[in-house]
Every structure is written in structure tokens, then in C-alpha cells.
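S.K.: As input, take model_36.cif (mmCIF, C-alpha atoms):
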data_coords
#
loop_
_atom_site.label_atom_id
_atom_site.label_comp_id
_atom_site.auth_asym_id
_atom_site.auth_seq_id
_atom_site.Cartn_x
_atom_site.Cartn_y
_atom_site.Cartn_z
CA MET A 251 28.36 27.84 -12.88
CA THR A 252 25.02 27.88 -14.64
CA ASP A 253 22.15 26.26 -12.86
CA ARG A 254 20.91 24.50 -15.92
CA THR A 255 18.24 22.07 -14.83
CA ASP A 256 18.07 19.86 -17.90
CA ILE A 257 21.32 18.01 -17.51
CA SER A 258 19.93 14.79 -18.93
CA SER A 259 20.48 16.07 -22.46
CA ASP A 260 23.99 17.36 -21.88
CA PRO A 261 26.10 15.76 -24.63
CA THR A 262 29.12 15.39 -22.36
CA GLY A 263 27.11 13.64 -19.66
CA GLU A 264 25.34 11.39 -22.13
CA ALA A 265 28.60 10.45 -23.90
CA ALA A 266 30.10 9.52 -20.53
CA GLU A 267 27.04 7.45 -19.64
CA TYR A 268 27.30 5.73 -22.99
CA VAL A 269 30.97 4.88 -22.46
CA LEU A 270 30.25 3.65 -18.94
CA GLY A 271 27.41 1.45 -20.20
CA LEU A 272 24.73 3.22 -18.14
CA LEU A 273 22.26 3.90 -20.94
CA ASP A 274 19.39 1.46 -21.35
CA ALA A 275 18.99 -0.37 -24.65
CA ASP A 276 16.69 2.19 -26.30
CA ASP A 277 18.76 5.19 -25.27
CA ARG A 278 21.91 3.44 -26.38
CA ARG A 279 20.58 2.73 -29.86
CA ALA A 280 19.37 6.31 -30.20
CA PHE A 281 22.75 7.58 -29.06
CA GLU A 282 24.61 5.36 -31.54
CA ALA A 283 22.42 6.62 -34.36
CA ARG A 284 23.44 10.18 -33.45
CA LEU A 285 27.12 9.20 -33.28
CA ARG A 286 27.12 8.39 -36.97
CA SER A 287 26.18 11.90 -37.93
CA GLU A 288 27.64 14.02 -35.12
CA PRO A 289 31.43 14.14 -35.16
CA ALA A 290 31.49 16.31 -32.04
CA LEU A 291 29.61 13.63 -30.12
CA ALA A 292 32.00 10.95 -31.40
CA ALA A 293 34.91 13.11 -30.23
CA GLU A 294 33.28 13.30 -26.81
CA VAL A 295 32.94 9.50 -26.70
CA ARG A 296 36.57 9.12 -27.74
CA ALA A 297 37.68 11.55 -25.03
CA TRP A 298 35.77 9.71 -22.30
CA GLN A 299 37.10 6.34 -23.43
CA GLY A 300 40.58 7.79 -23.14
CA TYR A 301 39.95 9.29 -19.69
CA PHE A 302 38.38 6.18 -18.17
CA ALA A 303 40.92 3.82 -19.72
CA THR A 304 43.69 6.02 -18.32
CA MET A 305 42.06 5.93 -14.89
CA ALA A 306 42.14 2.12 -15.08
CA GLU A 307 45.70 2.11 -16.38
CA VAL A 308 46.91 4.25 -13.49
CA GLU A 309 44.78 2.87 -10.67
CA VAL A 310 44.48 -0.86 -11.35
CA ASP A 311 47.50 -2.91 -10.34
CA ASP A 312 49.14 -5.23 -12.82
CA VAL A 313 48.53 -8.91 -12.19
CA ALA A 314 50.53 -11.38 -14.26
CA PRO A 315 48.17 -13.91 -15.81
CA PRO A 316 49.12 -17.60 -15.65
CA ALA A 317 51.19 -18.92 -18.55
CA SER A 318 48.28 -21.11 -19.62
CA VAL A 319 46.48 -18.03 -21.00
CA ARG A 320 49.34 -17.15 -23.35
CA ARG A 321 49.50 -20.74 -24.56
CA ALA A 322 45.77 -20.86 -25.15
CA VAL A 323 45.78 -17.61 -27.14
CA GLU A 324 48.77 -18.68 -29.22
CA ALA A 325 47.08 -21.99 -29.98
CA ALA A 326 43.96 -20.14 -31.06
CA LEU A 327 45.89 -17.66 -33.22
CA PHE A 328 48.75 -19.74 -34.59
CA GLY A 329 47.36 -23.27 -34.37
CA PRO A 330 48.07 -25.88 -37.05
CA GLU A 331 45.39 -24.50 -39.34
CA ALA A 332 47.15 -21.12 -39.44
CA SER A 333 50.20 -22.44 -41.27
CA ALA A 334 49.53 -21.16 -44.77
CA GLY A 335 52.52 -21.42 -47.08
CA GLN A 336 53.04 -17.68 -47.39
CA SER A 337 56.21 -15.82 -46.72
CA ILE A 338 56.19 -13.71 -43.59
CA TRP A 339 56.98 -10.71 -45.78
CA ASN A 340 53.62 -10.98 -47.47
CA ARG A 341 51.60 -11.37 -44.33
CA VAL A 342 49.83 -8.10 -43.73
CA ALA A 343 48.44 -9.27 -40.39
CA PHE A 344 51.94 -9.70 -39.11
CA TRP A 345 52.95 -6.13 -39.95
CA ARG A 346 49.81 -4.73 -38.46
CA GLY A 347 50.34 -6.68 -35.27
CA LEU A 348 53.94 -5.64 -35.16
CA SER A 349 53.02 -2.03 -35.71
CA LEU A 350 50.64 -2.22 -32.76
CA ALA A 351 53.22 -3.84 -30.52
CA THR A 352 55.94 -1.34 -31.32
CA THR A 353 53.53 1.58 -31.09
CA ILE A 354 52.70 0.45 -27.59
CA MET A 355 56.38 0.43 -26.72
CA ALA A 356 56.69 3.94 -28.13
CA ALA A 357 53.58 5.07 -26.25
CA VAL A 358 55.01 3.71 -23.03
CA ALA A 359 58.20 5.66 -23.69
CA VAL A 360 56.23 8.84 -24.38
CA GLY A 361 54.19 8.22 -21.23
CA PHE A 362 57.36 8.12 -19.21
CA ALA A 363 58.47 11.37 -20.77
CA ILE A 364 55.19 13.11 -19.97
CA VAL A 365 54.51 11.94 -16.43
CA PRO A 366 57.07 13.32 -14.03
CA ASP A 367 55.73 11.23 -11.14
CA ILE A 368 56.91 8.08 -12.84
CA ARG A 369 60.30 9.22 -13.98
CA PRO A 370 61.72 12.71 -13.89
CA PRO A 371 62.42 13.94 -17.42
CA ASP A 372 66.03 13.74 -18.37
CA PRO A 373 66.59 16.80 -20.55
CA GLY A 374 69.59 15.21 -22.17
CA GLN A 375 67.74 12.22 -23.54
CA VAL A 376 64.00 12.44 -23.37
CA PRO A 377 62.57 13.88 -26.57
CA GLU A 378 60.30 16.89 -26.28
CA VAL A 379 56.69 15.89 -26.73
CA PRO A 380 55.17 18.26 -29.26
CA ASP A 381 52.66 20.50 -27.55
CA GLU A 382 51.18 21.75 -30.81
CA THR A 383 48.65 19.48 -32.42
CA GLY A 384 50.08 20.03 -35.90
CA ILE A 385 53.29 18.23 -36.76
CA PRO A 386 55.21 19.98 -39.54
CA PRO A 387 55.92 18.04 -42.72
CA GLY A 388 59.41 16.63 -42.83
CA MET A 389 59.33 15.91 -39.14
CA LEU A 390 61.94 13.94 -37.32
CA LEU A 391 60.97 10.27 -37.19
CA MET A 392 62.70 7.54 -35.26
CA THR A 393 62.42 3.94 -34.23
CA HIS A 394 64.29 1.37 -32.27
CA LEU A 395 64.57 -1.89 -34.17
CA VAL A 396 64.06 -4.69 -31.71
CA PRO A 397 65.95 -7.98 -32.20
CA ILE A 398 63.91 -10.92 -33.47
CA ASP A 399 64.47 -14.56 -32.58
CA GLY A 400 67.53 -13.83 -30.52
CA SER A 401 69.49 -12.16 -33.32
CA GLY A 402 70.85 -9.72 -30.75
CA LEU A 403 70.89 -6.98 -33.37
CA GLY A 404 69.50 -3.69 -32.05
CA LEU A 405 69.40 -0.51 -34.10
CA ALA A 406 68.22 3.04 -33.64
CA VAL A 407 67.06 4.72 -36.85
CA THR A 408 66.48 8.44 -37.18
CA ARG A 409 64.89 10.00 -40.26
CA GLU A 410 65.98 13.63 -40.40
CA PRO A 411 63.68 16.27 -41.88
CA SER A 412 65.94 16.37 -44.95
CA GLY A 413 65.15 12.70 -45.59
CA VAL A 414 68.57 11.43 -44.54
CA LEU A 415 68.53 8.22 -42.49
CA GLN A 416 70.98 7.67 -39.66
CA VAL A 417 71.14 4.03 -38.68
CA ARG A 418 73.06 3.40 -35.49
CA ARG A 419 73.86 -0.08 -34.27
CA VAL A 420 73.29 -0.16 -30.52
CA ALA A 421 73.56 -3.91 -29.92
CA GLY A 422 74.96 -6.89 -31.75
CA GLY A 423 78.06 -7.10 -33.89
CA ALA A 424 78.75 -6.69 -37.60
CA GLY A 425 80.34 -9.21 -39.88
CA ASP A 426 80.08 -13.01 -40.32
CA GLY A 427 80.29 -12.48 -44.07
CA ARG A 428 76.54 -11.89 -44.50
CA ALA A 429 74.94 -8.59 -45.47
CA ARG A 430 72.31 -6.77 -43.43
CA GLU A 431 69.74 -5.02 -45.61
CA LEU A 432 67.35 -2.33 -44.38
CA TRP A 433 63.77 -2.34 -45.69
CA LEU A 434 60.86 0.05 -45.47
CA ILE A 435 57.39 -1.46 -45.16
CA ALA A 436 54.80 1.20 -45.88
CA GLY A 437 51.10 0.39 -46.11
CA GLU A 438 50.32 -2.58 -48.31
CA ARG A 439 53.38 -2.17 -50.54
CA ALA A 440 56.06 -4.77 -50.93
CA PRO A 441 59.15 -4.06 -48.79
CA ILE A 442 61.41 -1.40 -50.35
CA SER A 443 65.17 -1.77 -50.00
CA LEU A 444 66.87 1.21 -48.38
CA GLY A 445 70.38 -0.15 -48.64
CA LEU A 446 72.93 -2.27 -46.82
CA LEU A 447 74.34 -1.58 -43.40
CA GLY A 448 78.08 -1.03 -43.21
CA ASP A 449 80.44 -2.52 -40.69
CA GLU A 450 80.68 0.79 -38.83
CA ALA A 451 78.33 1.53 -35.93
CA LEU A 452 76.74 4.39 -37.89
CA THR A 453 75.39 4.04 -41.44
CA THR A 454 74.00 7.05 -43.32
CA LEU A 455 71.49 6.34 -46.09
CA ARG A 456 69.82 8.76 -48.51
CA PRO A 457 66.58 7.35 -49.96
CA ASP A 458 65.44 8.96 -53.22
CA ASP A 459 62.60 11.47 -53.06
CA GLU A 460 59.90 9.02 -54.04
CA VAL A 461 60.86 6.59 -51.29
CA ALA A 462 61.44 9.40 -48.78
CA GLN A 463 57.78 10.36 -49.07
CA LEU A 464 56.75 6.93 -47.81
CA PHE A 465 58.38 7.58 -44.43
CA THR A 466 55.40 8.27 -42.23
CA VAL A 467 54.42 7.58 -38.66
CA GLY A 468 53.39 3.94 -38.44
CA ALA A 469 55.54 2.71 -41.33
CA SER A 470 57.86 -0.14 -40.32
CA LEU A 471 61.55 -0.73 -40.84
CA ALA A 472 63.14 -4.16 -40.86
CA ILE A 473 66.59 -5.64 -41.23
CA SER A 474 67.01 -8.89 -43.12
CA ASP A 475 69.89 -11.31 -43.38
CA GLU A 476 71.11 -11.45 -47.02
CA PRO A 477 73.99 -12.84 -49.07
CA PRO A 478 77.01 -10.55 -49.55
CA GLY A 479 76.04 -7.64 -51.80
CA GLY A 480 72.42 -7.72 -50.70
CA SER A 481 69.24 -9.46 -51.82
CA PRO A 482 69.63 -10.83 -55.35
CA THR A 483 65.90 -10.56 -56.04
CA GLY A 484 65.03 -7.03 -54.89
CA ALA A 485 62.84 -8.53 -52.17
CA PRO A 486 63.99 -9.78 -48.79
CA THR A 487 65.17 -13.38 -48.93
CA GLY A 488 66.58 -14.10 -45.48
CA ALA A 489 65.49 -14.09 -41.89
CA ILE A 490 64.25 -10.92 -40.23
CA LEU A 491 66.83 -9.82 -37.69
CA ALA A 492 65.24 -6.69 -36.27
CA LEU A 493 62.02 -4.71 -36.60
CA GLY A 494 60.56 -1.38 -35.57
CA THR A 495 57.81 1.12 -36.35
CA LEU A 496 58.39 4.84 -36.95
CA VAL A 497 57.19 7.35 -34.43
CA ALA A 498 57.42 11.14 -34.51
CA LEU A 499 59.86 12.96 -32.30
CA MET B 1169 56.60 -23.10 -42.09
CA ALA B 1170 57.62 -23.38 -38.47
CA ARG B 1171 59.88 -20.34 -38.95
CA ILE B 1172 57.01 -18.27 -40.28
CA GLN B 1173 54.96 -19.09 -37.23
CA MET B 1174 57.87 -18.28 -34.98
CA ARG B 1175 57.98 -14.73 -36.30
CA ASP B 1176 54.26 -14.18 -36.11
CA ARG B 1177 54.54 -15.24 -32.54
CA ALA B 1178 57.41 -12.85 -31.93
CA ALA B 1179 55.17 -9.88 -32.69
CA PHE B 1180 52.32 -11.29 -30.65
CA SER B 1181 54.66 -12.15 -27.84
CA ALA B 1182 55.96 -8.57 -27.62
CA LEU B 1183 52.43 -7.24 -27.49
CA TYR B 1184 51.30 -9.78 -24.90
CA SER B 1185 54.33 -9.32 -22.67
CA ALA B 1186 53.94 -5.55 -22.66
CA THR B 1187 50.25 -5.45 -21.87
CA SER B 1188 48.83 -8.68 -20.41
CA ALA B 1189 49.44 -7.93 -16.73
CA LYS B 1190 47.54 -4.64 -16.94
CA LEU B 1191 44.66 -6.16 -18.88
CA PHE B 1192 44.47 -9.16 -16.54
CA GLY B 1193 44.45 -6.81 -13.55
CA ILE B 1194 41.48 -4.99 -15.09
CA CYS B 1195 39.60 -8.21 -15.90
CA LEU B 1196 40.16 -9.39 -12.31
CA ARG B 1197 39.01 -6.09 -10.86
CA VAL B 1198 35.77 -6.29 -12.82
CA LEU B 1199 35.08 -10.01 -12.44
CA LYS B 1200 36.72 -10.79 -9.06
CA ASP B 1201 37.20 -14.39 -10.18
CA HIS B 1202 40.44 -15.82 -11.54
CA ALA B 1203 38.94 -18.44 -13.82
CA LEU B 1204 36.49 -15.99 -15.40
CA ALA B 1205 39.17 -13.33 -15.79
CA GLU B 1206 41.52 -15.80 -17.51
CA ASP B 1207 38.77 -16.82 -19.85
CA VAL B 1208 37.96 -13.22 -20.76
CA LEU B 1209 41.63 -12.30 -21.17
CA GLN B 1210 41.98 -15.05 -23.74
CA VAL B 1211 38.99 -13.74 -25.68
CA VAL B 1212 40.41 -10.22 -25.48
CA TYR B 1213 43.77 -11.11 -27.05
CA VAL B 1214 42.24 -13.12 -29.87
CA LYS B 1215 39.99 -10.14 -30.58
CA VAL B 1216 42.88 -7.69 -30.35
CA TRP B 1217 45.03 -9.67 -32.73
CA ASN B 1218 42.26 -10.09 -35.26
CA LYS B 1219 41.38 -6.42 -35.11
CA ALA B 1220 44.88 -4.99 -34.92
CA ASP B 1221 44.46 -3.34 -38.31
CA ARG B 1222 41.48 -1.36 -37.05
CA TYR B 1223 42.86 0.18 -33.91
CA GLN B 1224 44.23 3.25 -35.66
CA VAL B 1225 40.80 4.34 -36.91
CA THR B 1226 39.72 4.83 -33.31
CA GLY B 1227 42.35 7.53 -32.84
CA HIS B 1228 43.18 6.09 -29.44
CA SER B 1229 46.54 5.39 -27.91
CA PRO B 1230 47.17 1.64 -28.04
CA MET B 1231 46.75 1.20 -24.28
CA THR B 1232 43.42 3.04 -24.31
CA TRP B 1233 42.23 0.81 -27.11
CA LEU B 1234 43.35 -2.37 -25.36
CA ILE B 1235 41.96 -1.36 -21.97
CA THR B 1236 38.63 -0.36 -23.49
CA ILE B 1237 38.32 -3.74 -25.21
CA ALA B 1238 39.31 -5.62 -22.04
CA ARG B 1239 37.03 -3.63 -19.75
CA ASN B 1240 34.04 -3.97 -22.07
CA ALA B 1241 34.61 -7.72 -22.53
CA ALA B 1242 34.83 -8.17 -18.75
CA ILE B 1243 31.69 -6.11 -18.13
CA ASP B 1244 29.80 -8.08 -20.78
CA ARG B 1245 30.81 -11.32 -19.08
CA LEU B 1246 29.82 -9.92 -15.70
CA ARG B 1247 26.38 -9.03 -16.93
CA ALA B 1248 26.23 -12.31 -18.85
CA SER B 1249 23.30 -11.06 -20.83
CA GLY B 1250 24.67 -10.79 -24.30
CA PRO B 1251 26.90 -8.01 -25.52
CA ALA B 1252 25.80 -4.76 -23.96
CA THR B 1253 28.81 -2.73 -24.96
CA VAL B 1254 29.80 -2.00 -28.53
CA ASP B 1255 33.31 -2.51 -29.81
CA VAL B 1256 35.22 0.71 -29.69
CA ASP B 1257 36.19 0.63 -33.34
CA ASP B 1258 32.73 -0.35 -34.55
CA VAL B 1259 31.36 2.92 -33.26
CA LEU B 1260 34.22 5.25 -34.00
CA THR B 1261 34.85 3.96 -37.52
CA LEU B 1262 31.51 5.39 -38.45
CA ALA B 1263 32.26 8.82 -37.08
CA ALA B 1264 34.76 11.45 -38.08
CA PRO B 1265 38.39 10.53 -38.64
CA GLY B 1266 40.27 10.33 -35.40
CA PRO B 1267 43.27 12.33 -34.33
CA THR B 1268 46.68 11.53 -35.72
CA PRO B 1269 48.95 9.23 -33.70
CA GLU B 1270 50.84 12.32 -32.49
CA GLN B 1271 47.64 13.94 -31.30
CA ALA B 1272 46.66 10.68 -29.65
CA ALA B 1273 50.00 10.60 -27.83
CA VAL B 1274 49.48 14.13 -26.55
CA ALA B 1275 45.90 13.26 -25.60
CA ALA B 1276 47.17 10.23 -23.70
CA GLY B 1277 49.30 12.57 -21.62
CA GLU B 1278 46.37 14.88 -20.98
CA ALA B 1279 44.17 11.91 -20.10
CA ARG B 1280 46.28 11.40 -17.00
CA ARG B 1281 44.66 14.50 -15.58
CA ILE B 1282 41.67 12.34 -14.79
CA VAL B 1283 43.45 11.09 -11.70
CA ASP B 1284 43.79 14.65 -10.34
CA CYS B 1285 40.28 15.60 -11.41
CA LEU B 1286 38.77 12.56 -9.68
CA ALA B 1287 40.59 13.63 -6.53
CA GLU B 1288 38.77 16.98 -6.75
CA LEU B 1289 35.35 15.30 -6.71
CA GLU B 1290 33.78 14.38 -3.40
CA ALA B 1291 35.06 10.98 -2.40
CA ASP B 1292 31.78 9.09 -2.74
CA ARG B 1293 31.17 10.58 -6.19
CA ALA B 1294 34.59 9.56 -7.43
CA ALA B 1295 33.97 6.12 -5.93
CA ALA B 1296 30.70 5.90 -7.86
CA VAL B 1297 32.45 6.68 -11.15
CA ARG B 1298 35.08 4.02 -10.45
CA GLY B 1299 32.37 1.57 -9.41
CA VAL B 1300 30.63 1.95 -12.73
CA TYR B 1301 33.73 1.72 -14.92
CA LEU B 1302 35.67 -0.91 -13.02
CA GLU B 1303 32.92 -2.95 -11.41
CA GLY B 1304 30.10 -2.57 -13.89
CA GLN B 1305 27.64 -1.11 -11.42
CA SER B 1306 24.32 0.11 -12.75
CA TYR B 1307 22.32 3.13 -11.60
CA GLN B 1308 20.17 0.67 -9.64
CA ASP B 1309 23.24 -0.77 -7.88
CA LEU B 1310 24.48 2.71 -7.03
CA ALA B 1311 21.09 3.86 -5.75
CA GLU B 1312 21.04 0.89 -3.36
CA ARG B 1313 24.63 1.40 -2.30
CA TYR B 1314 24.10 5.07 -1.46
CA SER B 1315 20.49 4.62 -0.29
CA VAL B 1316 19.02 7.27 -2.56
CA PRO B 1317 16.15 7.14 -5.06
CA LEU B 1318 17.08 6.05 -8.59
CA ASN B 1319 16.42 9.42 -10.19
CA THR B 1320 18.43 11.20 -7.54
CA MET B 1321 21.28 8.83 -8.26
CA LYS B 1322 21.11 9.56 -12.00
CA THR B 1323 21.17 13.31 -11.49
CA TRP B 1324 23.96 13.02 -8.95
CA LEU B 1325 26.21 10.93 -11.19
CA ARG B 1326 25.55 13.04 -14.28
CA ARG B 1327 26.47 16.17 -12.39
CA SER B 1328 29.63 14.46 -11.21
CA LEU B 1329 30.52 13.50 -14.78
CA ILE B 1330 29.94 17.02 -16.05
CA SER B 1331 32.07 18.47 -13.23
CA LEU B 1332 34.74 15.96 -14.08
CA ARG B 1333 34.69 16.98 -17.74
CA GLU B 1334 34.92 20.65 -16.80
CA CYS B 1335 37.97 19.93 -14.69
CA LEU B 1336 39.50 17.85 -17.48
CA SER B 1337 39.09 20.53 -20.13
CA SER B 1338 40.10 23.48 -17.96
#
Can you dump the structure from the file as C-alpha cells?

M.R.:
Amino acid sequence: MTDRTDISSDPTGEAAEYVLGLLDADDRRAFEARLRSEPALAAEVRAWQGYFATMAEVEVDDVAPPASVRRAVEAALFGPEASAGQSIWNRVAFWRGLSLATTIMAAVAVGFAIVPDIRPPDPGQVPEVPDETGIPPGMLLMTHLVPIDGSGLGLAVTREPSGVLQVRRVAGGAGDGRARELWLIAGERAPISLGLLGDEALTTLRPDDEVAQLFTVGASLAISDEPPGGSPTGAPTGAILALGTLVAL
Amino acid sequence: MARIQMRDRAAFSALYSATSAKLFGICLRVLKDHALAEDVLQVVYVKVWNKADRYQVTGHSPMTWLITIARNAAIDRLRASGPATVDVDDVLTLAAPGPTPEQAAVAAGEARRIVDCLAELEADRAAAVRGVYLEGQSYQDLAERYSVPLNTMKTWLRRSLISLRECLSS
């Protein structure tokens, strides 16, 4: 250990004080001005936010809030004034919110895989968490499509490095005379049809190269209910049955 | 129209169900008052939903982002003197691009080391760090609690933070 005396200017210590809210108003403004031009300092802030938030996540017990809070938030977010006549498929806020929700589910799953204290890794099922920071292009991507509005339809989708999609039905039945169409929602683009699901439990789809390039972490997949033969318009026309966001394996 | 709202709510509902108990626990720990914590939790989710498109720029795992927003909102309410903390994305958007989601996932795993590293600090120093993050204590509060002069307290906590960081990056 060095016996450096001037620890007040240590960037690590100051970043931690900033994140903890210990700096007075003048010091905080000066620190924020530096953040804009010093990426290393911003990285230090980001690291401390992650460490302290994780401490809280691990050490603070869950307490279920009363149902009145959920109702109040929903009223604030989806109250009468929020009912614009747009289709859900055009509502960017919805996809962003969905992406966040499903990313959290994926993060929880990864957390379980990493922390042996919570659940011992099962080598047969738990995916390896990449220990290199770089993920090679053409990586394996996957998502679980969660059922919406009680459709009961659950799917696991794997995008192989070759671009081939394996869509496995894990819950819900086929049939009823309607078609189930798989869509990719990437960025701000309109949904892109990837094809119809077959009656079998496993459907293999091969998107063309241009579409394959849009498969990235964070892109969403959705299944819609369509007339036999698929959407007549090239855009989804029916209810969303299941949704998920791609994560890297 | 009603169907559209139903689906918007489905996404919100999934997010809320997965995270609200943890965030409420944190608000309660900071504020120690049910009514205040409920009020802050409501503000937090409206903020989260409206800013959902910005969380990725922070490079954080989703839980880190949510907890940071909840903790800061609770601390601001505790101090009740206007916003003292800055929104996590407002600061980090201005800085360098964050890590990729994969890197953030790996970092989230590494972040769990903080529990072990806190255990390596002397107990009162670890308690001081928790007191500041989870109870919003100031240097003045800590100096009174440990009966030491203010400057001694500052030096003491900074050293603890630097030791903690050394442990975390070793």
C-alpha cells in the first residue's frame, strides 16, 4: 500500500462520494462538469452505481407494496387521456417498455446462473455466461416469448450463428384454423414477417441475409394471430399472442 | 382502444411484478415510513416507464438502473430539499458510450463481489457505507454517530471506499 496523503482527489473515492450523494453542491457541479469530458471518471461512476445497487439488491429484503400503488401508477400512465387511436404495433413506447421488462427477466436468469449461492448451476441447462468481454459476430441469440393476455402460447426461439431460427413451442397448442405469424421488431422499423409457425412443436425458419442482420441483442420477437395463410397486408393484423426480447447466449 | 391499453399494461405489469417488491423494500429502508415509501414508489415507476428508452445508454443492468432511480428518489424525498441527486441517465448520457448489454450482464455478476468486499472491511466502516447509501446519512450524521470530528470522518470513509474499490477490482 502507498501512504498517499492526498486521498481527497482520488478519482475512485470522489466518484463513490458522488454516487453516494456526499459531495456538497459546489463539488458536485464541478464533478459533473468533469464527467462530461472524462470517460474514465464516468466509467468509475457507472461502476460504483452498479456496486451499490447490487449491495441493495442483495441485502434489502423484498417488501410487496400495496395494490393501491400499482393502480395509481397505471392510472397515471394509462389513464383516459392516454388512449390515442394508434395501433399497438406502432407504439414505440410499448416496445421499449417490453424490452426493458424482458431484459430484466433475462438478467434475473443470468443472475441465477452466475451466483452459486442462489442456485447451483445445472451444467445441462444453464447457459455459459461469456467471460470474455467481446461477443463474436454471429453469436447465438435466444428469447422466451411470454404469453400475452392469457393466450397460453409460450415459445423458445434460438437464432443460430448461421442465421437459422429454431422456434420451439413450449406451451399452448397449435390449430384452431388460425395462423401464427412470427415478427421481428428491430429499432424503429415496422415489424418484419419471419414466417408462419407450423403445427409441429419445432419450426425452422431461414430469414434472408438482410433480415438476418437485424437480429441483435435487444431486438424483439412477437407472434400475432392471423388469418390462414398469414397476414394479408404484410403487417401484423391480429392480436399479439406472445412476446420476447433477444439476449445473447 | 381498450385492447391497446390492455397490451400496454401487460408490458408494464410484467415489469412491475418482477421488480416492485425490491424497489419498495429499498424505499422503505431509506424512508422508514410506509406512506412516504408508497408515494415515492409511484413516482419511481412513472419515471421508469417514461424513461424506459434511455436506460440502455447508461450501460447498466436493468436492476441497477431501477434501484439507482428508486434509491435516489427516496433519498431526495428524505432530504426534502429539492433534487440533490442527478438522474443516472442524465449524467451518463453525456459521457462515453456504456458497455454492451453482454458486458453489463457480466459486470452485474462481478458487482456481487461487493457483498464479500464489504465483509472484509471493519464492521463499523461497512456500516457507514450502508448508512450513506441506504439511509442517506451525511458526513455530519456519521461524524455524530461515531463521535469523531467531521474531517476525520471524511478521511475515514474515503479510505474505506478506496479499500473497497481495491478489493472489488482485485

S.K.: Using only C-alpha atoms, find the one residue out of B:Ala1179, B:Met1231, B:His1202, B:Arg1247 that sits nearest to B:Gln1305.

M.R.: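 Counting only C-alpha atoms, the residue closest to B:Gln1305 is B:Arg1247.
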
S.K.: Of the candidates B:Asp1244, B:Glu1288, B:Glu1334, B:Glu1206, which shows the shortest atom-to-atom distance to chain A, using all atoms listed in the file?

M.R.: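 So, comparing all the options, the nearest one is B:Glu1206.
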
S.K.: Nearest to B:Cys1285 among B:Asp1201, B:Gly1304, B:Ser1328, B:Lys1322, with distances taken over all atoms listed in the file: which residue is it?

M.R.: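 Under the stated criterion, the closest residue is B:Ser1328.
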
S.K.: The PyMOL selection byres ((chain B and resi 1237) around 9) on the file shown: which residues, as an MDAnalysis selection string?

M.R.: chainID B and resid 1212 1215:1216 1232:1236 1238:1242 1255:1256

S.K.: Need the shell around stretch 313-315 of chain A: protein/DNA/RNA residues with any atom at most 8 Å away, counting only C-alpha atoms. Skip same-chain ones fewer than 5 positions apart. Format as a list in words?

M.R.: Ser1188, Ala1189, Lys1190, Phe1192, Gly1193 and Glu1206 of chain B

S.K.: To one decimal in Å, tell me the separation between atom CA of B:Tyr1301 and atom CA of A:Gly271.

M.R.: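 The value is 8.2 Å.
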
S.K.: I want to know what sits within 9 Å of A:Ala489, based on only C-alpha atoms, with residues of the same chain fewer than 5 positions away left out; could you give that as a CSV table (one decimal) with C-alpha atoms, keeping the file's coordinate frame?

M.R.:
chain,number,residue,atom,x,y,z
A,473,ILE,CA,66.6,-5.6,-41.2
A,474,SER,CA,67.0,-8.9,-43.1
A,475,ASP,CA,69.9,-11.3,-43.4
A,476,GLU,CA,71.1,-11.4,-47.0
B,1171,ARG,CA,59.9,-20.3,-39.0

S.K.: Rounded to one decimal in Å, what is the spacing between atom CA of B:Val1198 and atom CA of B:Gly1299?

M.R.: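 Between atom CA of B:Val1198 and atom CA of B:Gly1299 the gap works out to 9.2 Å.
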
S.K.: Please provide the set of residues having any atom within 8 Å of A:Thr454, restricted to only C-alpha atoms, with same-chain residues fewer than 6 positions apart removed, written as a list in words.

M.R.: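 Residues near the query, excluding close chain neighbours: Val414, Leu415, Gln416 and Val417 of chain A.
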
S.K.: Out of A:Met305, A:Leu270, A:Val497, A:Leu491, which residue has the shortest atom-to-atom distance to B:Val1283 when counting all atoms listed in the file?

M.R.: A:Met305
